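Q: Structure in structure tokens, see below.
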Amino acid sequence: MTPLPAGYRLVDLSPDRLHDVLTLDTWAFPQGTSVATLADLPSPLTWSRARGVEADDGELVAMHASYPFGSFPVPGARVPVAGLTWVGVHPGHRRRGLLRAMIDDHVARSLGRGEPVSALFAAEPAIYGRFGYGRAADDLRLTVPRGAALRDVPGAQDVRVRLEQLDRERHVDQVLALHASVDRPGWATRESAELRAAFGTDPEAFRDGAEPLRVALAERDGDLVGYALFRRKEAWKPEGPRGTVRVREVVTTDPAAARALWGVLLDLDLMGTVEAWVPVDDALVHLLVDVRAAVPRLADNVWVRLLDVPAALAARRYAAPVDVVLEVQDALVPANAGRWRVTVDATGTASVERTDRAADLTLDVRELGAAYLGGTSLASLAAAGLVHEHVPGALAPAAAAFGWHVPPGCGWVF
Ligand SMILES: CC(=O)SCCNC(=O)CCNC(=O)[C@H](O)C(C)(C)COP(=O)(O)OP(=O)(O)OC[C@H]1O[C@@H](n2cnc3c(N)ncnc32)[C@H](O)[C@@H]1OP(=O)(O)O
């Protein structure tokens with residue numbers, strides 16, 4: 001364990017520390033919202049998983065927490081994952097090793113709970129690689145011109161799209177049930193009671209001048225076949241109204257639902273552009289006649305850290321049989337370091353065991369995390385010098401086996 005610097009101690013956090021937690025939060029994330037306003041919102045924290053760092057005088061100067069994703073989707077399976085979140089260090093106490101000590105604490109506690117994997121969204125991409133987190137998924141940020149042409153999909157006219165103000169009580173069950181039905185690695189769902197309670201939280205201070213959160217509900221014969229959370233912000237320019245639609249979360253169950261939903265979102269009156277972030281393979285990317293006009297921009301999505309390498313590797317499924325020896329480097333969790341033989345059978349199931357056999361490939365646990373959800377190819381990591389092939393011909397079958405037919409990604413930031 002990395003010791004805390006002198007003068008600090010790790011403590012459990014509980015709901016009676018809410019005011020301290022929110023005060024620290026406003027120091028770490030200068031969002032301009034008062035602690036009193038934040039205190040009125042339902043907290044998404046599972047308090048038994050929240051830990052703080054106190055200075056000598058008892059002030060809370062750093063914290064981290066994790067969301068319990070008991071059923072986190074990975075290729076072909078579901079795995080208990082600790083979703084690292086609410087990481088913050090007071091700026092007056094930064095760069096003294098508090099985050100490093102908190103990461104050690106997070107790793108030990110997650111392993112103690114039997115969670116072989118941790119995942120997160122990074123506030124800044126430069127922070128977490130050093131702790132063995134790899135960029136496991138990307139998403140696309142699109143800025144689509146209003147009225148952009150979409151290809152036709154038969155049956156789209158049979159889907160009715162209703163626009164409503166998001167109302168937690170009325171929408172939470174059906175919307176989250178549809179969300180949980182998506183089969184995509186990395187697609188975390190709001191499993192805990194606290195995350196469900198916080199769903200749709202929409203204080204005015206978070207809206208940046210835009211309207212309250214709306215929901216577009218796509219229905220066929222009365223059944224929900226898709227939804228999108230969105231809000232509009234108007235802008236009156238000399239050339240005319242040029243408002244922006246911000247689309248936050250889109251789920252559709254079939255192509256006609258996707259065509260109908262995007263057709264409505266892309267054609268709202270007084271709007272000029274639609275800003276959406278979507279999985280890299282979202283139906284919209286293929287429906288747009290002119291994808292270039294949407295100015296697609298790639299951004300990092302979920303980051304993954306394998307805490308227990310053999311358990312994590314055995315828990316997912318693989319796209320093809322393979323027999324490969326991986327030499328894994330892990331400076332933070334020595335139990336993961338060394339040679340692992342991964343043998344995948346015809347059903348895509350792996351057995352993973354320590355071996356004395358010579359390594360086929362060498363890589364850091366960070367790269368293994370990047371490849372874990374099937375979206376980052378071991379071959380492309382090798383091309384960047386991050387995976388080393390010792391036995392010619394070993395890389396290609398390993399890269400094929402670790403890949404997956406659905407790109408990973410998560411539709412909301414946790
Ligand atoms: C999953 C999430 O919750 S993401 C949210 C993360 N939180 C934020 O971004 C809020 C604002 N920032 C902060 O609260 C803090 O600056 C933190 C949490 C990012 C870092 O905390 P610190 O206690 O300063 O980090 P610590 O001193 O342990 O640094 C550990 C290492 O990370 C590096 N590091 C820390 N922050 C950053 C950063 N923002 N960018 C690049 N490197 C960083 C340090 O230089 C150090 O490197 P070294 O090991 O080579 O010496």
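Each chain in the structure tokens gets a letter, A, B, ..., in the order shown, and its residues are numbered from 1; ligands are numbered from 1 in order too.
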List the spatial neighbours of Ala62 in chain A as a list in words - criterion: any atom at most 9 Å away, only C-alpha atoms, same-chain residues fewer than 4 positions off excluded.

A: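 So, after excluding close chain neighbours, the residues are Val21, Leu24, Asp25, Ala28, Arg51, Gly52, Val53, Glu54, Val87, Gly88, Val89, His90, His93, Leu98, Leu99 and Met102 of chain A.
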
Q: Those selected residues, please, written with C-alpha atoms and delivered as a PDB file, in the first residue's frame.

A:
ATOM      1  CA  VAL A  21     -18.578  15.950   0.930  1.00  0.00           C
ATOM      2  CA  LEU A  24     -15.101  19.318  -1.033  1.00  0.00           C
ATOM      3  CA  ASP A  25     -16.916  18.577  -4.293  1.00  0.00           C
ATOM      4  CA  ALA A  28     -12.592  19.923  -6.673  1.00  0.00           C
ATOM      5  CA  ARG A  51     -14.053   7.004   1.577  1.00  0.00           C
ATOM      6  CA  GLY A  52     -12.483  10.256   2.607  1.00  0.00           C
ATOM      7  CA  VAL A  53      -9.105  11.665   3.547  1.00  0.00           C
ATOM      8  CA  GLU A  54      -9.045  13.950   6.574  1.00  0.00           C
ATOM      9  CA  VAL A  87     -12.681  11.376  -6.984  1.00  0.00           C
ATOM     10  CA  GLY A  88     -11.647  14.769  -5.718  1.00  0.00           C
ATOM     11  CA  VAL A  89      -8.764  16.395  -3.865  1.00  0.00           C
ATOM     12  CA  HIS A  90      -8.994  19.891  -2.433  1.00  0.00           C
ATOM     13  CA  HIS A  93      -3.785  19.543  -0.892  1.00  0.00           C
ATOM     14  CA  LEU A  98      -3.555  11.660  -1.854  1.00  0.00           C
ATOM     15  CA  LEU A  99      -5.001  10.268  -5.100  1.00  0.00           C
ATOM     16  CA  MET A 102      -6.908   6.542  -2.521  1.00  0.00           C
TER      17      MET A 102
END

Q: Please provide as a list in words all residues within 10 Å of Gly129 in chain A, with the sequence filter that same-chain residues fewer than 6 positions apart are discarded (counting only C-alpha atoms).

A: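 Result of the neighbour search: Ala122, Arg135, Trp303, Val304, Arg305, Val365, Arg366, Glu367, Gly369 and Ala370 of chain A.
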
Q: Take the residues that were just selected and, keeping N, CA and C atoms, output them as a PDB file, in the first residue's frame.

A:
ATOM      1  N   ALA A 122     -12.992   9.384 -16.982  1.00  0.00           N
ATOM      2  CA  ALA A 122     -11.887  10.229 -16.528  1.00  0.00           C
ATOM      3  C   ALA A 122     -12.228  11.705 -16.719  1.00  0.00           C
ATOM      4  N   ARG A 135      -7.841   2.923 -21.752  1.00  0.00           N
ATOM      5  CA  ARG A 135      -8.994   3.495 -22.470  1.00  0.00           C
ATOM      6  C   ARG A 135      -9.699   2.380 -23.216  1.00  0.00           C
ATOM      7  N   TRP A 303     -13.023   3.835 -19.069  1.00  0.00           N
ATOM      8  CA  TRP A 303     -11.680   3.306 -18.804  1.00  0.00           C
ATOM      9  C   TRP A 303     -11.819   2.084 -17.897  1.00  0.00           C
ATOM     10  N   VAL A 304     -10.971   1.082 -18.146  1.00  0.00           N
ATOM     11  CA  VAL A 304     -11.099  -0.184 -17.404  1.00  0.00           C
ATOM     12  C   VAL A 304      -9.756  -0.560 -16.770  1.00  0.00           C
ATOM     13  N   ARG A 305      -9.842  -1.064 -15.517  1.00  0.00           N
ATOM     14  CA  ARG A 305      -8.660  -1.542 -14.791  1.00  0.00           C
ATOM     15  C   ARG A 305      -8.956  -2.975 -14.330  1.00  0.00           C
ATOM     16  N   VAL A 365      -0.761  -4.068 -17.638  1.00  0.00           N
ATOM     17  CA  VAL A 365      -2.164  -4.296 -17.276  1.00  0.00           C
ATOM     18  C   VAL A 365      -3.058  -3.182 -17.848  1.00  0.00           C
ATOM     19  N   ARG A 366      -2.482  -2.013 -18.067  1.00  0.00           N
ATOM     20  CA  ARG A 366      -3.236  -0.905 -18.666  1.00  0.00           C
ATOM     21  C   ARG A 366      -3.732  -1.272 -20.064  1.00  0.00           C
ATOM     22  N   GLU A 367      -2.859  -1.902 -20.844  1.00  0.00           N
ATOM     23  CA  GLU A 367      -3.247  -2.292 -22.203  1.00  0.00           C
ATOM     24  C   GLU A 367      -4.259  -3.443 -22.166  1.00  0.00           C
ATOM     25  N   GLY A 369      -6.472  -3.805 -19.875  1.00  0.00           N
ATOM     26  CA  GLY A 369      -7.735  -3.125 -19.562  1.00  0.00           C
ATOM     27  C   GLY A 369      -8.329  -2.471 -20.796  1.00  0.00           C
ATOM     28  N   ALA A 370      -7.468  -1.872 -21.617  1.00  0.00           N
ATOM     29  CA  ALA A 370      -7.952  -1.212 -22.842  1.00  0.00           C
ATOM     30  C   ALA A 370      -8.609  -2.224 -23.779  1.00  0.00           C
TER      31      ALA A 370
END

Q: Check the DSSP output for the backbone and give back, as a VMD selection string, the residues of range 103-200 of chain A in alpha helix (DSSP H).

A: chain A and resid 103 to 112 168 to 180 193 to 198

Q: Using only C-alpha atoms and all ligand atoms, determine which residues fall within 9 Å of ligand 1, then list them as a ChimeraX atom specification.

A: /A:25,27-30,62-66,83-91,93-103,119-128,130-131,414

Q: How would the residues just picked look written out with N, CA and C atoms as a CSV table (one decimal), in the first residue's frame?

A:
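Written file, part.csv:
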chain,number,residue,atom,x,y,z
A,25,ASP,N,-16.5,18.7,-2.9
A,25,ASP,CA,-16.9,18.6,-4.3
A,25,ASP,C,-16.9,19.9,-5.0
A,27,TRP,N,-15.0,22.4,-4.2
A,27,TRP,CA,-13.6,22.8,-4.4
A,27,TRP,C,-12.9,22.0,-5.5
A,28,ALA,N,-13.2,20.7,-5.6
A,28,ALA,CA,-12.6,19.9,-6.7
A,28,ALA,C,-13.2,20.3,-8.1
A,29,PHE,N,-14.5,20.5,-8.1
A,29,PHE,CA,-15.2,20.8,-9.4
A,29,PHE,C,-15.8,22.1,-9.2
A,30,PRO,N,-15.2,23.2,-9.7
A,30,PRO,CA,-15.7,24.6,-9.5
A,30,PRO,C,-16.9,24.8,-10.4
A,62,ALA,N,-10.1,15.2,0.7
A,62,ALA,CA,-10.1,14.3,-0.5
A,62,ALA,C,-11.1,13.2,-0.3
A,63,MET,N,-11.6,12.7,-1.4
A,63,MET,CA,-12.5,11.6,-1.3
A,63,MET,C,-12.6,10.8,-2.6
A,64,HIS,N,-13.1,9.6,-2.5
A,64,HIS,CA,-13.4,8.8,-3.6
A,64,HIS,C,-14.5,7.8,-3.2
A,65,ALA,N,-15.2,7.4,-4.2
A,65,ALA,CA,-16.3,6.4,-4.0
A,65,ALA,C,-16.4,5.5,-5.2
A,66,SER,N,-17.3,4.5,-5.1
A,66,SER,CA,-17.5,3.7,-6.2
A,66,SER,C,-19.0,3.2,-6.3
A,83,GLY,N,-17.4,0.9,-10.0
A,83,GLY,CA,-17.3,2.1,-10.8
A,83,GLY,C,-16.7,3.3,-10.1
A,84,LEU,N,-15.4,3.5,-10.2
A,84,LEU,CA,-14.8,4.5,-9.4
A,84,LEU,C,-15.3,5.9,-9.8
A,85,THR,N,-15.7,6.7,-8.8
A,85,THR,CA,-16.4,8.0,-9.1
A,85,THR,C,-16.1,9.0,-7.9
A,86,TRP,N,-16.6,10.2,-8.1
A,86,TRP,CA,-16.5,11.2,-7.0
A,86,TRP,C,-15.1,11.3,-6.5
A,87,VAL,N,-14.1,11.2,-7.4
A,87,VAL,CA,-12.7,11.4,-7.0
A,87,VAL,C,-12.4,12.9,-6.9
A,88,GLY,N,-12.0,13.3,-5.8
A,88,GLY,CA,-11.6,14.8,-5.7
A,88,GLY,C,-10.7,15.0,-4.6
A,89,VAL,N,-9.7,16.0,-4.9
A,89,VAL,CA,-8.8,16.4,-3.9
A,89,VAL,C,-8.9,17.9,-3.8
A,90,HIS,N,-9.0,18.4,-2.6
A,90,HIS,CA,-9.0,19.9,-2.4
A,90,HIS,C,-7.7,20.5,-3.1
A,91,PRO,N,-7.9,21.6,-3.9
A,91,PRO,CA,-6.7,22.1,-4.6
A,91,PRO,C,-5.6,22.6,-3.7
A,93,HIS,N,-4.5,20.8,-1.4
A,93,HIS,CA,-3.8,19.5,-0.9
A,93,HIS,C,-3.4,18.6,-2.1
A,94,ARG,N,-3.4,19.2,-3.3
A,94,ARG,CA,-3.1,18.4,-4.5
A,94,ARG,C,-1.6,18.1,-4.6
A,95,ARG,N,-1.3,17.0,-5.4
A,95,ARG,CA,0.0,16.6,-5.8
A,95,ARG,C,0.9,16.3,-4.5
A,96,ARG,N,0.3,15.7,-3.6
A,96,ARG,CA,1.0,15.2,-2.4
A,96,ARG,C,0.8,13.7,-2.3
A,97,GLY,N,0.2,13.1,-3.2
A,97,GLY,CA,0.0,11.6,-3.2
A,97,GLY,C,-1.3,11.2,-2.6
A,98,LEU,N,-2.3,12.1,-2.4
A,98,LEU,CA,-3.6,11.7,-1.9
A,98,LEU,C,-4.3,10.8,-2.8
A,99,LEU,N,-4.3,11.1,-4.1
A,99,LEU,CA,-5.0,10.3,-5.1
A,99,LEU,C,-4.3,8.9,-5.2
A,100,ARG,N,-3.0,8.9,-5.2
A,100,ARG,CA,-2.3,7.6,-5.2
A,100,ARG,C,-2.7,6.7,-4.1
A,101,ALA,N,-2.8,7.3,-2.9
A,101,ALA,CA,-3.2,6.5,-1.7
A,101,ALA,C,-4.6,6.0,-1.8
A,102,MET,N,-5.5,6.9,-2.4
A,102,MET,CA,-6.9,6.5,-2.5
A,102,MET,C,-7.1,5.4,-3.6
A,103,ILE,N,-6.3,5.4,-4.6
A,103,ILE,CA,-6.4,4.4,-5.6
A,103,ILE,C,-6.0,3.0,-5.0
A,119,ALA,N,-14.0,0.3,-13.3
A,119,ALA,CA,-14.2,1.1,-14.5
A,119,ALA,C,-14.5,2.6,-14.1
A,120,LEU,N,-14.2,3.5,-15.0
A,120,LEU,CA,-14.5,4.9,-14.6
A,120,LEU,C,-14.6,5.8,-15.9
A,121,PHE,N,-15.1,7.0,-15.7
A,121,PHE,CA,-15.0,8.0,-16.7
A,121,PHE,C,-13.9,9.0,-16.2
A,122,ALA,N,-13.0,9.4,-17.0
A,122,ALA,CA,-11.9,10.2,-16.5
A,122,ALA,C,-12.2,11.7,-16.7
A,123,ALA,N,-12.0,12.5,-15.7
A,123,ALA,CA,-12.2,13.9,-15.8
A,123,ALA,C,-11.2,14.5,-16.8
A,124,GLU,N,-9.9,13.9,-16.7
A,124,GLU,CA,-8.9,14.3,-17.7
A,124,GLU,C,-8.2,13.0,-18.1
A,125,PRO,N,-8.0,12.8,-19.4
A,125,PRO,CA,-7.4,11.5,-19.8
A,125,PRO,C,-6.0,11.2,-19.3
A,126,ALA,N,-5.3,12.2,-18.8
A,126,ALA,CA,-3.9,12.0,-18.4
A,126,ALA,C,-3.8,11.4,-17.0
A,127,ILE,N,-4.9,11.3,-16.3
A,127,ILE,CA,-4.8,11.0,-14.8
A,127,ILE,C,-4.6,9.5,-14.6
A,128,TYR,N,-5.4,8.6,-15.2
A,128,TYR,CA,-5.6,7.2,-14.7
A,128,TYR,C,-4.7,6.1,-15.3
A,130,ARG,N,-1.6,5.8,-15.4
A,130,ARG,CA,-0.5,5.5,-14.4
A,130,ARG,C,-0.9,4.5,-13.4
A,131,PHE,N,-2.2,4.4,-13.2
A,131,PHE,CA,-2.8,3.4,-12.2
A,131,PHE,C,-3.3,2.2,-12.8
A,414,PHE,N,-20.7,8.2,-15.5
A,414,PHE,CA,-20.7,7.9,-14.1
A,414,PHE,C,-19.5,8.4,-13.4

Q: Using DSSP on the backbone, list every residue of range 55-143 of chain A that comes out as strand (DSSP E or B), and give them as a ChimeraX atom specification.

A: /A:55,60-74,77-89,117-120,134-135,138-143

Q: Please determine, counting only C-alpha atoms, which residue among A:Leu10, A:Leu378, A:Ala315, A:Val81 has the shortest atom-to-atom distance to Asp56 in chain A.

A: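 Looking at the shortest contact to Asp56 in chain A, the residue is A:Leu10.
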
Q: Given the choices A:Arg49, A:Arg78, A:His171, A:Arg341, which gets closest to Arg184 in chain A if the distance is worked out from only C-alpha atoms?

A: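 The answer is A:Arg78, which sits nearest to Arg184 in chain A.
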
Q: Please measure the separation of CA of Gly114 in chain A and CA of Asp308 in chain A, giving the value in Å to one decimal.

A: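 Atom-to-atom, CA of Gly114 in chain A to CA of Asp308 in chain A, that is 9.1 Å.
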
Q: Name the closest residue to Leu288 in chain A among the candidates A:Gly240, A:Gly209, A:Gly263, A:Gly403; distances are taken between atoms, counting only C-alpha atoms.

A: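 For Leu288 in chain A, the nearest of the given residues is A:Gly263.
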
Q: Fewer than 3 positions away in the same chain doesn't count, so skip those; otherwise give me all residues within 7 Å of Trp47 in chain A, counting only C-alpha atoms, as a list in words.

A: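 Result of the neighbour search: Leu13, Ser14, Pro15 and Ala50 of chain A.
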
Q: Select, from A:Ala260, A:Ala331, A:Ala36, A:Ala299, the residue with the minimum atom-to-atom distance to Leu287 in chain A, counting only C-alpha atoms.

A: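 Checking each candidate against Leu287 in chain A, we get A:Ala260 as the closest.
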
Q: So that I can see what lies close to range 225-228 of chain A, please list as a list in words the residues with an atom at most 7 Å from it, counting only C-alpha atoms and leaving out residues fewer than 4 positions away in the same chain.

A: Val215, Ala216, Leu217, Ala218, Glu219, Arg220, Val247, Glu249, Val250, Val251, Thr252, Thr253 and Ala257 of chain A

Q: Give me, as a list of chain:residue names, all polymer residues having an atom no more than 6 Å from Ala350 in chain A, counting only C-alpha atoms and skipping those fewer than 4 positions away in the same chain.

A: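 Returned residues: A:Ala314, A:Thr343, A:Val344.
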
Q: Env of Asp267 in chain A: 10 Å cut, atoms = only C-alpha atoms, seq-sep filter 4 positions within chain, self excluded. Answer as a ChimeraX atom specification.

A: /A:145-148,245,262-263,271-274

Q: What is the distance between CA of Ala137 in chain A and CA of Ala193 in chain A, in Å to one decimal?

A: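 That distance, rounded to one decimal, is 26.2 Å.
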
Q: Closest to Thr143 in chain A among A:Val333, A:Ala198, A:Val302, A:Ala294, using only C-alpha atoms?

A: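 Of the candidates, the smallest distance to Thr143 in chain A is held by A:Ala294.
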
Q: Using CA of Asp364 in chain A and CA of Trp187 in chain A as the two end points, give the distance in Å to one decimal.

A: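 Here the two named atoms are 24.5 Å from each other.
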
Q: Ranking A:Pro392, A:Gly375, A:Pro238, A:Gly132 by minimum distance to Val328 in chain A and counting only C-alpha atoms, which one comes first?

A: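 Among the listed residues, the smallest separation from Val328 in chain A belongs to A:Gly132.
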
Q: Need the shell around Leu41 in chain A: protein/DNA/RNA residues with any atom at most 8 Å away, counting only C-alpha atoms. Skip same-chain ones fewer than 2 positions apart. Format as a compact mmCIF listing (two decimals) with C-alpha atoms, in the first residue's frame?

A:
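As a result, around.txt now contains:
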# COMPACT_ATOMS: atom_id res chain seq x y z
CA THR A 37 -28.51 23.68 -3.67
CA LEU A 38 -26.49 20.47 -4.05
CA ALA A 39 -27.64 19.25 -0.62
CA SER A 43 -27.21 11.74 -3.57
CA ALA A 198 -30.75 10.36 -8.66
CA THR A 201 -31.89 15.12 -11.33
